[in-house]
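Visitor: run24.cif (mmCIF, C-alpha atoms) pasted underneath:
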data_protein
loop_
_atom_site.label_atom_id
_atom_site.label_comp_id
_atom_site.auth_asym_id
_atom_site.auth_seq_id
_atom_site.Cartn_x
_atom_site.Cartn_y
_atom_site.Cartn_z
CA MET A 1326 180.91 21.92 152.08
CA VAL A 1327 181.61 21.68 155.82
CA ASN A 1328 182.01 25.46 156.01
CA SER A 1329 178.59 25.85 154.39
CA PHE A 1330 177.03 23.68 157.08
CA ASN A 1331 178.96 25.43 159.85
CA SER A 1332 177.70 28.89 158.94
CA ARG A 1333 175.39 28.97 161.98
CA PRO A 1334 177.44 29.08 165.20
CA GLY A 1335 174.40 28.53 167.43
CA ILE A 1336 174.34 24.85 166.43
CA LEU A 1337 176.39 22.20 168.25
CA TRP A 1338 178.02 20.97 165.07
CA ARG A 1339 180.19 18.24 166.58
CA GLN A 1340 177.11 16.54 167.98
CA VAL A 1341 175.14 17.02 164.75
CA TRP A 1342 177.87 15.34 162.70
CA GLY A 1343 178.04 12.55 165.26
CA LEU A 1344 174.31 12.01 164.75
CA ALA A 1345 174.84 12.13 160.97
CA THR A 1346 177.30 9.25 161.31
CA LEU A 1347 174.63 7.15 163.00
CA VAL A 1348 172.11 8.15 160.30
CA ALA A 1349 174.57 6.91 157.66
CA ALA A 1350 174.87 3.57 159.47
CA ILE A 1351 171.07 3.31 159.79
CA SER A 1352 170.60 4.04 156.07
CA CYS A 1353 173.17 1.44 155.05
CA SER A 1354 171.64 -1.15 157.38
CA TRP A 1355 168.13 -0.60 156.01
CA MET A 1356 169.55 -0.89 152.51
CA ALA A 1357 171.19 -4.20 153.39
CA TYR A 1358 168.00 -5.47 155.02
CA SER A 1359 165.83 -4.43 152.06
CA LEU A 1360 168.22 -6.13 149.63
CA TYR A 1361 168.42 -9.48 151.39
CA GLN A 1362 165.09 -9.84 153.20
CA PRO A 1363 163.07 -11.06 150.18
CA LYS A 1364 165.95 -13.25 148.97
CA ILE A 1365 166.36 -14.95 152.34
CA LEU A 1366 162.62 -15.53 152.81
CA GLN A 1367 162.25 -16.96 149.32
CA LYS A 1368 165.22 -19.25 149.92
CA LEU A 1369 163.49 -20.48 153.09
CA GLU A 1370 160.32 -21.04 151.01
CA PHE A 1371 158.40 -18.16 152.60
CA VAL A 1372 157.49 -16.73 149.20
CA GLU A 1373 154.11 -15.27 150.20
CA LEU A 1374 155.45 -14.04 153.54
CA ALA A 1375 158.22 -12.14 151.76
CA SER A 1376 155.72 -9.78 150.15
CA TYR A 1377 153.66 -9.13 153.27
CA LEU A 1378 156.28 -9.02 156.04
CA GLY A 1379 157.43 -5.52 155.06
CA ILE A 1380 153.84 -4.27 155.12
CA PHE A 1381 153.28 -5.78 158.56
CA GLN A 1382 156.50 -4.27 159.86
CA GLY A 1383 155.48 -0.85 158.54
CA LEU A 1384 152.17 -1.05 160.37
CA LEU A 1385 154.05 -2.19 163.47
CA ALA A 1386 156.19 0.95 163.29
CA THR A 1387 153.03 3.07 163.28
CA PHE A 1388 152.29 1.94 166.82
CA ILE A 1389 155.82 1.60 168.17
CA GLU A 1390 157.27 4.96 167.05
CA PRO A 1391 155.15 7.21 169.33
CA LEU A 1392 155.56 4.80 172.25
CA VAL A 1393 159.36 4.71 172.15
CA GLY A 1394 159.37 8.45 171.51
CA ALA A 1395 157.40 9.08 174.69
CA ILE A 1396 159.66 6.69 176.62
CA SER A 1397 162.73 8.55 175.35
CA ASP A 1398 161.20 11.81 176.62
CA ARG A 1399 160.99 10.30 180.10
CA ILE A 1400 164.59 9.13 179.88
CA GLN A 1401 165.58 12.60 178.68
CA HIS A 1402 163.84 14.13 181.69
CA HIS A 1403 165.57 11.86 184.21
CA LEU A 1404 169.03 11.37 182.67
CA GLY A 1405 169.51 14.54 180.66
CA ASN A 1406 169.67 12.89 177.22
CA ARG A 1407 168.26 10.04 175.11
CA LEU A 1408 171.49 8.17 174.60
CA LEU A 1409 170.45 5.21 176.78
CA ILE A 1410 167.56 4.18 174.51
CA VAL A 1411 169.73 4.79 171.43
CA THR A 1412 172.51 2.62 172.85
CA VAL A 1413 170.17 -0.19 173.84
CA GLY A 1414 168.37 -0.14 170.48
CA VAL A 1415 171.61 -0.15 168.47
CA THR A 1416 173.06 -2.95 170.56
CA LEU A 1417 169.96 -5.11 170.12
CA ALA A 1418 169.82 -4.43 166.37
CA GLY A 1419 173.50 -5.29 166.04
CA LEU A 1420 173.16 -8.52 168.01
CA ILE A 1421 170.12 -9.60 166.00
CA PHE A 1422 171.98 -8.93 162.75
CA VAL A 1423 174.84 -11.10 164.01
CA ALA A 1424 172.41 -13.86 165.01
CA ILE A 1425 170.76 -13.79 161.58
CA SER A 1426 174.13 -13.91 159.84
CA LEU A 1427 175.14 -16.98 161.85
CA LEU A 1428 171.83 -18.74 161.27
CA LEU A 1429 172.09 -18.17 157.53
CA GLU A 1430 175.13 -20.42 157.56
CA GLN A 1431 172.96 -23.29 158.81
CA ASN A 1432 170.68 -25.44 156.71
CA LEU A 1433 167.44 -24.61 158.49
CA GLN A 1434 164.55 -27.00 157.88
CA GLY A 1435 160.97 -27.41 159.09
CA GLY A 1436 159.54 -25.21 161.81
CA ILE A 1437 162.94 -23.87 162.84
CA ARG A 1438 162.89 -21.78 159.65
CA TRP A 1439 160.45 -19.41 161.35
CA VAL A 1440 163.29 -18.17 163.55
CA ILE A 1441 164.56 -16.04 160.66
CA PRO A 1442 161.37 -13.99 159.94
CA VAL A 1443 160.84 -13.59 163.70
CA LEU A 1444 164.37 -12.26 164.12
CA MET A 1445 163.87 -9.97 161.14
CA THR A 1446 160.78 -8.49 162.76
CA LEU A 1447 162.63 -8.08 166.05
CA TRP A 1448 165.42 -6.32 164.17
CA VAL A 1449 162.93 -3.89 162.67
CA ILE A 1450 161.48 -3.22 166.13
CA ALA A 1451 164.98 -2.61 167.52
CA MET A 1452 165.75 -0.18 164.69
CA ILE A 1453 162.46 1.63 165.24
CA SER A 1454 163.16 1.89 168.97
CA PHE A 1455 166.12 4.23 168.52
CA ARG A 1456 165.56 5.97 165.17
CA GLY A 1457 163.05 8.55 166.42
CA PRO A 1458 164.79 9.22 169.76
CA ALA A 1459 168.10 9.66 167.91
CA ILE A 1460 166.62 12.23 165.52
CA ALA A 1461 164.94 13.97 168.47
CA LEU A 1462 168.44 14.74 169.78
CA LEU A 1463 168.48 17.58 167.26
CA MET A 1464 166.34 19.53 169.72
CA GLN A 1465 169.32 19.47 172.10
CA PHE A 1466 171.84 20.35 169.40
CA ALA A 1467 170.23 23.43 167.84
CA PRO A 1468 167.80 26.27 168.61
CA ILE A 1469 164.37 25.71 167.11
CA THR A 1470 164.92 28.49 164.55
CA GLU A 1471 168.09 26.79 163.26
CA LEU A 1472 166.88 23.21 163.19
CA PRO A 1473 166.56 23.20 159.37
CA GLN A 1474 170.27 23.94 158.96
CA ALA A 1475 171.17 21.19 161.43
CA ASN A 1476 168.74 18.75 159.82
CA ALA A 1477 170.25 19.56 156.41
CA VAL A 1478 173.33 17.61 157.51
CA LEU A 1479 171.20 14.51 158.07
CA VAL A 1480 169.40 14.99 154.74
CA PHE A 1481 172.74 15.39 152.98
CA VAL A 1482 174.01 12.12 154.42
CA PHE A 1483 170.73 10.27 153.83
CA GLY A 1484 170.49 11.47 150.22
CA LEU A 1485 174.13 10.66 149.48
CA ILE A 1486 173.82 7.11 150.84
CA GLY A 1487 170.63 6.61 148.85
CA ALA A 1488 172.25 7.97 145.69
CA ILE A 1489 175.07 5.42 145.81
CA GLY A 1490 172.53 2.67 146.52
CA PRO A 1491 172.97 0.84 143.19
CA LEU A 1492 176.75 0.68 143.67
CA LEU A 1493 176.36 -0.31 147.30
CA ASN A 1494 173.93 -3.09 146.37
CA ILE A 1495 176.43 -4.50 143.87
CA PHE A 1496 179.06 -4.59 146.61
CA LEU A 1497 176.67 -6.16 149.14
CA ASN A 1498 175.63 -8.81 146.61
CA LYS A 1499 179.25 -9.77 146.10
CA ILE A 1500 180.08 -10.19 149.79
CA GLY A 1501 176.93 -12.20 150.56
CA ALA A 1502 174.20 -11.97 153.20
CA THR A 1503 176.24 -13.29 156.14
CA THR A 1504 179.09 -10.81 155.71
CA THR A 1505 176.67 -7.99 154.89
CA PHE A 1506 174.77 -8.42 158.14
CA LEU A 1507 177.98 -8.64 160.17
CA VAL A 1508 179.35 -5.47 158.56
CA SER A 1509 176.01 -3.71 159.11
CA ALA A 1510 176.04 -4.66 162.79
CA ILE A 1511 179.56 -3.24 163.15
CA ALA A 1512 178.55 -0.05 161.30
CA LEU A 1513 175.60 0.50 163.64
CA LEU A 1514 177.74 0.03 166.73
CA MET A 1515 180.42 2.36 165.39
CA GLY A 1516 177.82 5.00 164.51
CA ALA A 1517 176.37 4.83 168.02
CA TYR A 1518 179.86 5.01 169.55
CA ILE A 1519 180.75 8.12 167.53
CA LEU A 1520 177.48 9.79 168.53
CA ARG A 1521 177.99 8.85 172.18
CA SER A 1522 181.60 10.03 172.26
CA SER A 1523 180.65 13.38 170.72
CA THR A 1524 177.76 13.96 173.13
CA PRO A 1525 178.41 14.50 176.86
CA ASN A 1526 176.02 12.95 179.35
CA ARG A 1527 174.14 16.23 179.59
CA THR A 1528 174.15 18.27 176.40
CA PHE A 1529 171.74 21.15 176.04
CA ASN A 1530 171.87 24.08 173.68
CA SER A 1531 171.62 27.24 175.75
CA ALA A 1532 168.83 28.50 173.51
CA ILE A 1533 166.38 25.95 174.89
CA LEU A 1534 167.26 26.35 178.54
CA ASN A 1535 165.31 28.44 181.05
CA GLN A 1536 162.39 29.02 178.70
CA ASP A 1537 158.90 29.52 180.05
CA ILE A 1538 157.29 26.72 178.07
CA PRO A 1539 154.42 24.34 178.81
CA ALA A 1540 155.26 20.76 179.74
CA THR A 1541 152.74 19.20 177.37
CA THR A 1542 151.48 19.74 173.84
CA PRO A 1543 147.75 20.03 172.98
CA LEU A 1544 146.38 16.67 171.84
CA LEU A 1545 145.08 18.12 168.58
CA LEU A 1546 148.57 19.32 167.65
CA LEU A 1547 149.94 15.82 168.23
CA ILE A 1548 147.22 14.35 165.99
CA LEU A 1549 148.00 16.91 163.28
CA VAL A 1550 151.72 16.01 163.37
CA PHE A 1551 150.76 12.37 162.77
CA ILE A 1552 148.43 13.26 159.88
CA VAL A 1553 151.07 15.46 158.24
CA GLY A 1554 153.58 12.60 158.58
CA LEU A 1555 151.05 10.25 156.99
CA GLY A 1556 150.32 12.62 154.11
CA ALA A 1557 153.97 13.47 153.49
CA GLY A 1558 154.84 9.77 153.62
CA LEU A 1559 152.17 9.05 151.02
CA GLU A 1560 153.54 11.65 148.64
CA ILE A 1561 157.17 10.60 149.05
CA ASN A 1562 156.38 6.90 148.67
CA LEU A 1563 154.21 7.50 145.61
CA LEU A 1564 156.94 9.67 144.12
CA MET A 1565 159.74 7.13 144.61
CA SER A 1566 157.61 4.04 143.80
CA ILE A 1567 155.77 5.21 140.69
CA PHE A 1568 157.31 8.20 138.97
CA PRO A 1569 160.91 7.08 138.33
CA ARG A 1570 159.39 4.34 136.15
CA THR A 1571 157.19 6.91 134.41
CA LEU A 1572 160.23 9.07 133.67
CA GLN A 1573 162.14 6.01 132.49
CA THR A 1574 159.45 5.22 129.92
CA GLN A 1575 159.79 8.77 128.61
CA LEU A 1576 163.59 8.45 128.36
CA PRO A 1577 164.40 4.72 128.00
CA SER A 1578 168.13 5.36 127.61
CA ILE A 1579 168.38 6.06 131.37
CA LYS A 1580 168.17 3.06 133.68
CA LEU A 1581 165.49 3.12 136.35
CA GLU A 1582 167.94 2.95 139.28
CA PHE A 1583 169.87 5.92 137.92
CA ILE A 1584 166.72 8.05 137.91
CA THR A 1585 166.08 7.23 141.57
CA SER A 1586 169.74 7.82 142.43
CA GLY A 1587 169.66 11.11 140.52
CA ILE A 1588 166.70 12.37 142.56
CA LEU A 1589 168.45 11.46 145.82
CA LEU A 1590 171.78 12.96 144.74
CA VAL A 1591 170.10 16.25 143.82
CA ALA A 1592 168.29 16.14 147.18
CA ALA A 1593 171.60 15.72 149.01
CA ILE A 1594 173.27 18.62 147.21
CA ALA A 1595 170.24 20.89 147.51
CA SER A 1596 169.97 20.29 151.28
CA VAL A 1597 172.74 22.84 151.98
CA PRO A 1598 171.07 25.96 150.55
CA LEU A 1599 167.58 24.69 151.38
CA GLY A 1600 168.54 24.34 155.03
CA GLU A 1601 169.40 28.04 155.10
CA TRP A 1602 166.28 29.01 153.17
CA THR A 1603 163.97 26.92 155.36
CA ALA A 1604 165.45 28.55 158.46
CA GLN A 1605 164.47 31.91 156.95
CA ILE A 1606 160.92 31.14 155.79
CA GLY A 1607 160.01 28.59 158.48
CA ALA A 1608 159.29 24.86 158.39
CA ASN A 1609 155.52 25.36 157.88
CA LYS A 1610 155.98 27.16 154.57
CA ALA A 1611 158.89 24.97 153.47
CA ILE A 1612 157.15 21.62 153.91
CA THR A 1613 153.99 22.99 152.25
CA LEU A 1614 155.99 24.30 149.28
CA GLY A 1615 157.95 21.06 148.99
CA LEU A 1616 154.92 18.80 149.00
CA GLY A 1617 152.97 21.15 146.74
CA ALA A 1618 155.84 21.15 144.26
CA ILE A 1619 155.99 17.34 144.29
CA THR A 1620 152.26 17.15 143.57
CA GLY A 1621 152.50 19.67 140.74
CA LEU A 1622 155.52 17.94 139.22
CA MET A 1623 153.67 14.63 139.26
CA GLY A 1624 150.90 16.18 137.17
CA LEU A 1625 153.38 17.77 134.75
CA THR A 1626 155.21 14.46 134.39
CA LEU A 1627 152.00 12.81 133.21
CA LEU A 1628 151.61 15.47 130.53
CA ASN A 1629 155.22 15.36 129.40
CA ASP A 1630 156.10 13.96 125.97
CA ASN A 1631 159.55 15.52 125.64
CA ASP A 1632 162.45 13.26 126.63
CA ILE A 1633 164.76 16.24 127.15
CA LEU A 1634 162.56 17.51 130.00
CA VAL A 1635 163.07 14.26 131.94
CA VAL A 1636 166.40 15.55 133.28
CA GLY A 1637 164.64 18.71 134.41
CA PHE A 1638 162.01 16.66 136.22
CA ILE A 1639 164.74 14.66 138.00
CA LEU A 1640 166.33 17.91 139.18
CA ALA A 1641 162.99 19.40 140.23
CA PHE A 1642 161.85 16.27 142.06
CA GLY A 1643 165.21 16.12 143.86
CA ILE A 1644 164.95 19.73 145.03
CA SER A 1645 161.34 19.28 146.18
CA PHE A 1646 162.22 16.00 147.92
CA SER A 1647 165.08 17.75 149.72
CA LEU A 1648 162.86 20.64 150.82
CA VAL A 1649 160.39 18.21 152.40
CA PHE A 1650 163.08 16.25 154.21
CA VAL A 1651 164.92 19.35 155.40
CA SER A 1652 161.74 20.81 156.88
CA MET A 1653 159.92 17.73 158.20
CA ILE A 1654 161.87 17.26 161.45
CA PRO A 1655 161.90 21.00 162.25
CA PHE A 1656 158.16 20.97 161.54
CA ALA A 1657 157.50 18.07 163.93
CA LEU A 1658 159.77 19.45 166.66
CA GLY A 1659 158.33 22.93 166.22
CA LYS A 1660 154.83 21.67 167.06
CA VAL A 1661 155.76 20.11 170.42
CA THR A 1662 157.51 21.35 173.52
CA PRO A 1663 161.20 20.42 173.94
CA HIS A 1664 160.07 18.04 176.70
CA GLN A 1665 158.13 16.01 174.11
CA ALA A 1666 160.60 16.02 171.22
CA GLY A 1667 160.70 12.22 171.16
CA LEU A 1668 156.94 12.00 170.96
CA GLY A 1669 156.84 14.60 168.19
CA THR A 1670 159.35 12.80 165.97
CA GLY A 1671 157.73 9.48 166.88
CA LEU A 1672 154.30 10.64 165.71
CA TYR A 1673 155.69 12.02 162.45
CA PHE A 1674 157.65 8.83 161.72
CA ALA A 1675 154.62 6.76 162.71
CA GLY A 1676 152.53 8.51 160.09
CA ALA A 1677 155.27 8.09 157.49
CA ALA A 1678 155.61 4.37 158.33
CA GLY A 1679 151.87 3.88 158.02
CA ALA A 1680 151.99 5.57 154.60
CA THR A 1681 154.81 3.28 153.48
CA ALA A 1682 152.80 0.21 154.48
CA LEU A 1683 149.65 1.58 152.81
CA VAL A 1684 151.37 2.34 149.49
CA SER A 1685 153.07 -1.06 149.49
CA LEU A 1686 149.71 -2.74 150.13
CA LEU A 1687 147.95 -0.76 147.39
CA ILE A 1688 150.69 -1.55 144.87
CA LYS A 1689 150.60 -5.25 145.73
CA GLU A 1690 146.83 -5.73 145.87
CA ILE A 1691 145.38 -3.43 143.23
CA GLY A 1692 148.31 -1.66 141.59
CA ILE A 1693 148.60 2.11 141.30
CA THR A 1694 148.70 3.85 137.96
CA PRO A 1695 150.63 7.14 137.68
CA ILE A 1696 147.32 9.00 137.32
CA ALA A 1697 145.93 7.38 140.47
CA ALA A 1698 149.18 8.18 142.30
CA PHE A 1699 148.90 11.84 141.26
CA LEU A 1700 145.28 12.07 142.41
CA LEU A 1701 146.08 10.41 145.74
CA ALA A 1702 149.04 12.74 146.24
CA GLU A 1703 146.83 15.74 145.45
CA VAL A 1704 144.31 14.70 148.12
CA ALA A 1705 147.16 14.15 150.59
CA PHE A 1706 148.57 17.61 149.87
CA PHE A 1707 145.29 19.43 150.51
CA VAL A 1708 144.83 17.51 153.77
CA ILE A 1709 148.38 18.41 154.80
CA ALA A 1710 147.89 22.07 153.92
CA GLY A 1711 144.73 22.14 156.04
CA CYS A 1712 146.47 20.48 158.98
CA ILE A 1713 149.38 22.92 158.85
CA PHE A 1714 146.97 25.88 158.74
CA VAL A 1715 145.07 24.57 161.76
CA SER A 1716 148.28 23.84 163.66
CA LYS A 1717 149.47 27.42 163.18
CA LYS A 1718 146.16 28.73 164.52
CA ILE A 1719 146.45 26.50 167.60
CA GLN A 1720 149.99 27.68 168.31
CA LEU A 1721 148.99 31.33 167.95
CA ALA A 1722 145.99 30.94 170.26
#
What's the structure tokens form of this structure?
Guide:
Amino acid sequence: MVNSFNSRPGILWRQVWGLATLVAAISCSWMAYSLYQPKILQKLEFVELASYLGIFQGLLATFIEPLVGAISDRIQHHLGNRLLIVTVGVTLAGLIFVAISLLLEQNLQGGIRWVIPVLMTLWVIAMISFRGPAIALLMQFAPITELPQANAVLVFVFGLIGAIGPLLNIFLNKIGATTTFLVSAIALLMGAYILRSSTPNRTFNSAILNQDIPATTPLLLLILVFIVGLGAGLEINLLMSIFPRTLQTQLPSIKLEFITSGILLVAAIASVPLGEWTAQIGANKAITLGLGAITGLMGLTLLNDNDILVVGFILAFGISFSLVFVSMIPFALGKVTPHQAGLGTGLYFAGAAGATALVSLLIKEIGITPIAAFLLAEVAFFVIAGCIFVSKKIQLA
């Protein structure tokens, strides 16, 4: 497996795997937060807040992601890398997790209970503050043409962590919220340490040095990156929120969580060959094909009445999911100059965060049927395809 990833010598693999370690810690921490956030808020009698806090935090990310991305670009320019903002963000997130774990041991009453949701929101902000800048480090670790292969490592780790989610949740439930948050804080700090130790103070891939490139990206391109992130986020959220349940009704013998895990496991495994393929065909084509395939598969799922085909849909959704995730960061970074890599990833993640909040709000307020989800995904795909076409024209001009 490692040899498959290491097939492209132009990539700084030690640094990429260091970043993958941090991505694993981030994924586990978000999983722990998602598991315990509603439980803790309900225990504190914030029942209504529990359902809306996640939506608010998603909208918050829409504004914070581009800001911290732009700040990380300035830090990159002055210090040679983005590790300072990553280190500060990880440290704050770890400390807040520790504070929450200690407060959970207390019997909070009255107005003091509000400390917990405030700290939770601050934790989300801290996590947002370093996620985009950390991913933007890929621009330093690989030439633009080989970013998909480097990003495949991150997709592999992300998909694998997500696939073992049900087992991990069982373990986290057993050890309790206090211990879970302490362990998550330690994992984040260890992930940041491994990344830092594998990345010298000034790490640049020679392929991006001494290039005659503009210092700024056209505003329209930046807007298009955000819209593509929003559209892709809509499709992915609709896929993972609605269609595993649809497949489960067609094959009741499979538990819902196993369908979701199956999609993520297939995505992790498929990331290896898809990273190579995306590097060959380009991120523009790959993300368009991936999102188009997801949309088409949604429609076919609605027409399906054969339980045997459910396994095929799980495989197909997993491959399409992987293709989108392998190509999305190379797509975003390929639309901006290396000097604005943080802003590029920030805008893409901002769009995706806004989509997550929007889908959550729609599900809560009006509900989304599988047919409505398919139609919304279809609209999103055509908008994305148009944006990608326009962005290519701008870059060729």
Visitor: For each of A:Gly1335, A:Gly1669, A:Pro1391, A:Pro1695, take the minimum atom-to-atom distance to A:Thr1542, counting only C-alpha atoms, then give the residue where this is smallest.
Guide: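 That would be A:Gly1669, the residue with the smallest distance to A:Thr1542.
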Visitor: Starting from the PyMOL selection byres ((chain A and resi 1344) around 9), expand the selection into actual residues of this file and give them as a ChimeraX atom specification.
Guide: /A:1339-1343,1345-1349,1459-1460,1462-1463,1479,1516-1517,1519-1521,1523
Visitor: With distances taken over all atoms listed in the file, which of A:Ile1612, A:Leu1369, A:Ile1584, A:Ala1657 is nearest to A:Gln1434?
Guide: A:Leu1369
Visitor: Applying the PyMOL selection byres ((chain A and resi 1587) around 12) to the file I just gave you, which residues come out? Please list them as an MDAnalysis selection string.
Guide: chainID A and resid 1484:1491 1565 1569 1572 1579:1586 1588:1594 1635:1644 1646
Visitor: Give me, please, the distance in Å between atom CA of A:Val1651 and atom CA of A:Ala1477, quoted to one decimal.
Guide: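 Result for atom CA of A:Val1651 versus atom CA of A:Ala1477: 5.4 Å, one decimal.
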